[in-house]
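Taking it in order: structure first as structure tokens, then the write-up.
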Amino acid sequence: MAQPTDAGAPRPTTDDSGTGFIFAMAAAASASLLLFLPVVLLGYTVHVLAAVLTGEALNWQSSVAMTYTFVGIPALVAVLLLVVPYRLYKAAARRLGSSQATFVVGGAVAVWHAVVAVYWAWASTEGFTHAPVADVPFYPIVFGIVAAIATAVVSRRAALVPLALVGVLGLLLSGTIRGHTPIPAGAQQVVVEVTGADVRLDPTSVNAGDIYLVLDTPRSSITFTQDELLPTDLPTRGDFDLRGCSDAQRAEDRGQVGYCGNVFRVTLSPGKYVFFSIDVEGSGQAVARLEVLP
């Protein structure tokens, strides 16, 4: 797409160019910061809509309401504050010209959101080897979309790159592209089973080092912490979820370490760990304990 020519505009001086570039980068930084919460909320909204359309039981209505209350209000304020980066962009355009200012601001915003998209995709799959956790996979997609839009503002042709990124992320996070590897021979394994109102571990003690957790219950999720503390007392050390893949994909990758596999490798130091899950019958959560020996 041809860029605006700014015909008739006075040629910027070196001082104007330096100041304009500073204004442009400030506009890009503030825009990226202010767009973060709205884009995150968009990803969460996509997750909620997907749950409704697929008939998933919304037994987490209270958490949905709390999310929109505690994230939605700051996100709305952030949208209103986008006037700040817009004014910075206009200040940059007066010194650099609109085409150059658009290129700098749009390019920086696009790169930032593309980096976040890739990082979040990596984090949500534990380096592309974990099943996705809850609603996290929707976030890389929406960040990738924002990157594509920002790039399209600069150049429609250049927008093909982030659009391809969005497509790859979609295939990856849907499980269409996924890798899997078997458990190494002789490796320590702990089978985790959620049944009835219980979480069961077999065995209940292992040696410190690499441990392969086998989540043996379809569509279950498990979180574990250290030192037998509740999750409200200590940030979780791990969170494994098998709801991100289809039943056919899970069956194909069963017993494998991979995106849709049910095996997760962790490295644990000596101590006691508590595993818990809310995917049980009745209210509350089920708990099991694992002792890691020196």
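Numbering starts fresh at 1 for the residues of each chain in the structure tokens, the chains themselves are lettered A, B, ... in the order given, and ligands are numbered from 1 as they appear.
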Find the residues around Val104 (chain A) up to 9 Å (only C-alpha atoms counted), leave out those fewer than 6 positions away in its own chain, and share them as an NGL selection string. :A and (21 or 24-25 or 28 or 154)
Atom pair CA of Val161 (chain A) / CA of Trp122 (chain A): separation (Å): 18.6 Å
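Residues in contact with Val190 (chain A) at up to 7 Å, not including ones fewer than 2 positions away on its chain and judged by only C-alpha atoms, are Gln188, Val192, Leu201, Asp202, Pro203, Tyr212, Leu213 and Val214 of chain A.
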For the residues in the current selection, export N, CA and C atoms as a compact mmCIF listing (two decimals), in the first residue's frame.
```
# COMPACT_ATOMS: atom_id res chain seq x y z
N GLN A 188 11.15 -41.70 36.27
CA GLN A 188 10.19 -41.76 37.37
C GLN A 188 8.82 -41.28 36.88
N VAL A 192 -1.57 -39.71 38.21
CA VAL A 192 -2.52 -38.86 38.93
C VAL A 192 -3.91 -39.16 38.40
N LEU A 201 -2.63 -40.64 43.86
CA LEU A 201 -1.29 -40.64 43.29
C LEU A 201 -0.68 -42.03 43.44
N ASP A 202 0.01 -42.48 42.41
CA ASP A 202 0.68 -43.78 42.46
C ASP A 202 2.00 -43.67 41.71
N PRO A 203 3.13 -43.74 42.45
CA PRO A 203 3.28 -43.87 43.90
C PRO A 203 3.10 -42.53 44.60
N TYR A 212 7.76 -37.59 35.72
CA TYR A 212 6.73 -37.54 34.67
C TYR A 212 5.37 -37.81 35.31
N LEU A 213 4.53 -36.76 35.32
CA LEU A 213 3.19 -36.88 35.88
C LEU A 213 2.25 -37.34 34.78
N VAL A 214 1.54 -38.42 35.03
CA VAL A 214 0.60 -38.99 34.06
C VAL A 214 -0.81 -38.67 34.54
```
Using only C-alpha atoms, determine which residues lie at most 12 Å from Ala31 (chain A), disregarding the query and same-chain residues fewer than 3 positions distant; provide the list as a PDB file with N, CA and C atoms, in the first residue's frame.
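Produced file around.pdb, reproduced below:
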```pdb
ATOM      1  N   PHE A  23       8.728  11.237  20.284  1.00  0.00           N
ATOM      2  CA  PHE A  23       7.272  11.281  20.412  1.00  0.00           C
ATOM      3  C   PHE A  23       6.638  10.002  19.858  1.00  0.00           C
ATOM      4  N   ALA A  24       7.151   9.523  18.727  1.00  0.00           N
ATOM      5  CA  ALA A  24       6.589   8.324  18.104  1.00  0.00           C
ATOM      6  C   ALA A  24       6.771   7.102  18.998  1.00  0.00           C
ATOM      7  N   MET A  25       7.962   6.938  19.576  1.00  0.00           N
ATOM      8  CA  MET A  25       8.198   5.794  20.445  1.00  0.00           C
ATOM      9  C   MET A  25       7.372   5.892  21.722  1.00  0.00           C
ATOM     10  N   ALA A  26       7.201   7.135  22.233  1.00  0.00           N
ATOM     11  CA  ALA A  26       6.347   7.317  23.407  1.00  0.00           C
ATOM     12  C   ALA A  26       4.907   6.960  23.071  1.00  0.00           C
ATOM     13  N   ALA A  27       4.466   7.327  21.860  1.00  0.00           N
ATOM     14  CA  ALA A  27       3.112   6.978  21.433  1.00  0.00           C
ATOM     15  C   ALA A  27       2.948   5.465  21.335  1.00  0.00           C
ATOM     16  N   ALA A  28       3.956   4.780  20.754  1.00  0.00           N
ATOM     17  CA  ALA A  28       3.890   3.328  20.611  1.00  0.00           C
ATOM     18  C   ALA A  28       3.888   2.640  21.969  1.00  0.00           C
ATOM     19  N   LEU A  34      -1.604   0.667  27.066  1.00  0.00           N
ATOM     20  CA  LEU A  34      -3.040   0.886  27.266  1.00  0.00           C
ATOM     21  C   LEU A  34      -3.891  -0.166  26.564  1.00  0.00           C
ATOM     22  N   LEU A  35      -3.351  -0.787  25.514  1.00  0.00           N
ATOM     23  CA  LEU A  35      -4.109  -1.813  24.799  1.00  0.00           C
ATOM     24  C   LEU A  35      -4.022  -3.177  25.473  1.00  0.00           C
ATOM     25  N   PHE A  36      -3.105  -3.339  26.420  1.00  0.00           N
ATOM     26  CA  PHE A  36      -2.873  -4.666  26.994  1.00  0.00           C
ATOM     27  C   PHE A  36      -4.137  -5.229  27.650  1.00  0.00           C
ATOM     28  N   LEU A  37      -4.719  -4.498  28.597  1.00  0.00           N
ATOM     29  CA  LEU A  37      -5.903  -5.009  29.290  1.00  0.00           C
ATOM     30  C   LEU A  37      -7.102  -5.201  28.360  1.00  0.00           C
ATOM     31  N   PRO A  38      -7.400  -4.248  27.455  1.00  0.00           N
ATOM     32  CA  PRO A  38      -8.516  -4.499  26.530  1.00  0.00           C
ATOM     33  C   PRO A  38      -8.325  -5.752  25.687  1.00  0.00           C
ATOM     34  N   VAL A  39      -7.096  -6.012  25.231  1.00  0.00           N
ATOM     35  CA  VAL A  39      -6.857  -7.194  24.417  1.00  0.00           C
ATOM     36  C   VAL A  39      -6.984  -8.459  25.275  1.00  0.00           C
ATOM     37  N   ALA A  78      -8.601   2.354  30.161  1.00  0.00           N
ATOM     38  CA  ALA A  78      -7.448   2.328  29.266  1.00  0.00           C
ATOM     39  C   ALA A  78      -7.839   2.716  27.842  1.00  0.00           C
ATOM     40  N   VAL A  79      -9.008   2.262  27.397  1.00  0.00           N
ATOM     41  CA  VAL A  79      -9.476   2.626  26.056  1.00  0.00           C
ATOM     42  C   VAL A  79      -9.684   4.135  25.951  1.00  0.00           C
ATOM     43  N   LEU A  80     -10.277   4.710  26.983  1.00  0.00           N
ATOM     44  CA  LEU A  80     -10.513   6.160  26.973  1.00  0.00           C
ATOM     45  C   LEU A  80      -9.196   6.936  26.982  1.00  0.00           C
ATOM     46  N   LEU A  81      -8.180   6.362  27.633  1.00  0.00           N
ATOM     47  CA  LEU A  81      -6.887   7.041  27.734  1.00  0.00           C
ATOM     48  C   LEU A  81      -6.050   6.914  26.454  1.00  0.00           C
ATOM     49  N   LEU A  82      -6.559   6.174  25.452  1.00  0.00           N
ATOM     50  CA  LEU A  82      -5.825   6.072  24.197  1.00  0.00           C
ATOM     51  C   LEU A  82      -5.681   7.422  23.503  1.00  0.00           C
ATOM     52  N   VAL A  83      -6.418   8.423  23.989  1.00  0.00           N
ATOM     53  CA  VAL A  83      -6.246   9.775  23.450  1.00  0.00           C
ATOM     54  C   VAL A  83      -4.817  10.274  23.691  1.00  0.00           C
ATOM     55  N   VAL A  84      -4.171   9.770  24.748  1.00  0.00           N
ATOM     56  CA  VAL A  84      -2.797  10.200  25.052  1.00  0.00           C
ATOM     57  C   VAL A  84      -1.823   9.763  23.960  1.00  0.00           C
ATOM     58  N   PRO A  85      -1.753   8.443  23.620  1.00  0.00           N
ATOM     59  CA  PRO A  85      -0.844   8.076  22.524  1.00  0.00           C
ATOM     60  C   PRO A  85      -1.247   8.693  21.192  1.00  0.00           C
ATOM     61  N   TYR A  86      -2.531   8.964  20.984  1.00  0.00           N
ATOM     62  CA  TYR A  86      -2.949   9.606  19.735  1.00  0.00           C
ATOM     63  C   TYR A  86      -2.369  11.008  19.627  1.00  0.00           C
ATOM     64  N   ARG A  87      -2.395  11.745  20.732  1.00  0.00           N
ATOM     65  CA  ARG A  87      -1.832  13.098  20.719  1.00  0.00           C
ATOM     66  C   ARG A  87      -0.306  13.036  20.534  1.00  0.00           C
ATOM     67  N   LEU A  88       0.335  12.040  21.140  1.00  0.00           N
ATOM     68  CA  LEU A  88       1.778  11.873  20.943  1.00  0.00           C
ATOM     69  C   LEU A  88       2.081  11.546  19.485  1.00  0.00           C
ATOM     70  N   TYR A  89       1.233  10.726  18.883  1.00  0.00           N
ATOM     71  CA  TYR A  89       1.404  10.404  17.465  1.00  0.00           C
ATOM     72  C   TYR A  89       1.260  11.652  16.604  1.00  0.00           C
ATOM     73  N   VAL A 105       5.215   4.205  14.801  1.00  0.00           N
ATOM     74  CA  VAL A 105       4.245   3.855  15.850  1.00  0.00           C
ATOM     75  C   VAL A 105       3.585   2.508  15.541  1.00  0.00           C
ATOM     76  N   GLY A 106       3.065   2.366  14.314  1.00  0.00           N
ATOM     77  CA  GLY A 106       2.397   1.122  13.952  1.00  0.00           C
ATOM     78  C   GLY A 106       3.331  -0.067  13.991  1.00  0.00           C
ATOM     79  N   GLY A 107       4.565   0.135  13.520  1.00  0.00           N
ATOM     80  CA  GLY A 107       5.521  -0.965  13.536  1.00  0.00           C
ATOM     81  C   GLY A 107       5.880  -1.403  14.936  1.00  0.00           C
ATOM     82  N   ALA A 108       6.108  -0.444  15.834  1.00  0.00           N
ATOM     83  CA  ALA A 108       6.461  -0.785  17.216  1.00  0.00           C
ATOM     84  C   ALA A 108       5.312  -1.495  17.921  1.00  0.00           C
ATOM     85  N   VAL A 109       4.089  -1.001  17.721  1.00  0.00           N
ATOM     86  CA  VAL A 109       2.911  -1.653  18.330  1.00  0.00           C
ATOM     87  C   VAL A 109       2.753  -3.069  17.785  1.00  0.00           C
ATOM     88  N   ALA A 110       2.954  -3.238  16.479  1.00  0.00           N
ATOM     89  CA  ALA A 110       2.826  -4.561  15.871  1.00  0.00           C
ATOM     90  C   ALA A 110       3.860  -5.533  16.424  1.00  0.00           C
ATOM     91  N   TRP A 112       5.494  -5.385  19.301  1.00  0.00           N
ATOM     92  CA  TRP A 112       5.213  -5.675  20.705  1.00  0.00           C
ATOM     93  C   TRP A 112       4.131  -6.748  20.838  1.00  0.00           C
ATOM     94  N   HIS A 113       3.022  -6.579  20.118  1.00  0.00           N
ATOM     95  CA  HIS A 113       1.923  -7.538  20.256  1.00  0.00           C
ATOM     96  C   HIS A 113       2.276  -8.888  19.637  1.00  0.00           C
ATOM     97  N   VAL A 146      -4.198  -8.270  16.887  1.00  0.00           N
ATOM     98  CA  VAL A 146      -3.850  -6.849  17.070  1.00  0.00           C
ATOM     99  C   VAL A 146      -2.556  -6.529  16.328  1.00  0.00           C
ATOM    100  N   ALA A 150      -2.239  -3.693  13.445  1.00  0.00           N
ATOM    101  CA  ALA A 150      -1.262  -2.609  13.524  1.00  0.00           C
ATOM    102  C   ALA A 150      -0.357  -2.604  12.303  1.00  0.00           C
TER     103      ALA A 150
END
```
Region 209-211 of chain A: which residues within 9 Å, counting only C-alpha atoms, same-chain residues fewer than 2 positions away excluded, as a PyMOL selection string? chain A and resi 187-190+206-207+213+264-270+292+294
Output file for the residues above (C-alpha atoms, as a PDB file, in the first residue's frame):
```
ATOM      1  CA  ALA A 187      12.102 -42.350  34.144  1.00  0.00           C
ATOM      2  CA  GLN A 188      10.187 -41.758  37.366  1.00  0.00           C
ATOM      3  CA  GLN A 189       6.435 -41.660  36.859  1.00  0.00           C
ATOM      4  CA  VAL A 190       3.540 -40.615  39.074  1.00  0.00           C
ATOM      5  CA  VAL A 206       9.580 -40.354  44.493  1.00  0.00           C
ATOM      6  CA  ASN A 207      13.163 -39.177  44.379  1.00  0.00           C
ATOM      7  CA  LEU A 213       3.191 -36.876  35.881  1.00  0.00           C
ATOM      8  CA  PHE A 264       3.856 -33.686  31.919  1.00  0.00           C
ATOM      9  CA  ARG A 265       7.502 -33.492  32.908  1.00  0.00           C
ATOM     10  CA  VAL A 266       8.366 -31.524  36.043  1.00  0.00           C
ATOM     11  CA  THR A 267      11.557 -31.125  38.044  1.00  0.00           C
ATOM     12  CA  LEU A 268      10.918 -31.301  41.784  1.00  0.00           C
ATOM     13  CA  SER A 269      13.259 -30.627  44.683  1.00  0.00           C
ATOM     14  CA  PRO A 270      13.032 -32.549  47.965  1.00  0.00           C
ATOM     15  CA  VAL A 292       9.859 -36.041  47.134  1.00  0.00           C
ATOM     16  CA  PRO A 294      16.496 -36.359  48.464  1.00  0.00           C
TER      17      PRO A 294
END
```
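Closest approach to His47 (chain A) from the set A:Gly261, A:Thr223, A:Tyr139, A:Asp16 is made by A:Tyr139, with distances taken over only C-alpha atoms.
Every protein or nucleic acid residue with an atom no more than 8 Å from Tyr44 (chain A), counting only C-alpha atoms and leaving out same-chain residues fewer than 2 positions away, appears here: Val40, Leu41, Leu42, Val46, His47, Val48, Asp135, Phe138 and Tyr139 of chain A.
Every protein or nucleic acid residue with an atom no more than 6 Å from Ala148 (chain A), counting only C-alpha atoms and leaving out same-chain residues fewer than 5 positions away, appears here: Ala159, Pro162 and Leu163 of chain A.
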Please, could you write that set of residues out with N, CA and C atoms as a compact mmCIF listing (two decimals), in the first residue's frame?
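Saved file result.txt follows:
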```txt
# COMPACT_ATOMS: atom_id res chain seq x y z
N ALA A 159 1.26 -6.86 6.36
CA ALA A 159 0.35 -7.51 7.32
C ALA A 159 0.24 -9.00 7.07
N PRO A 162 2.14 -11.04 10.12
CA PRO A 162 1.40 -11.37 11.36
C PRO A 162 0.14 -12.18 11.11
N LEU A 163 -0.47 -12.04 9.93
CA LEU A 163 -1.64 -12.87 9.63
C LEU A 163 -1.23 -14.34 9.56
```
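Across the structure, CA of Pro182 (chain A) and CA of Glu252 (chain A) are spaced 12.3 Å apart.
Note that CA of Arg157 (chain A) and CA of Ala101 (chain A) are 18.3 Å apart.
Closest approach to Ala248 (chain A) among A:Val116, A:Pro218, A:Phe275, A:Ile73 is made by A:Pro218 (distances from only C-alpha atoms).
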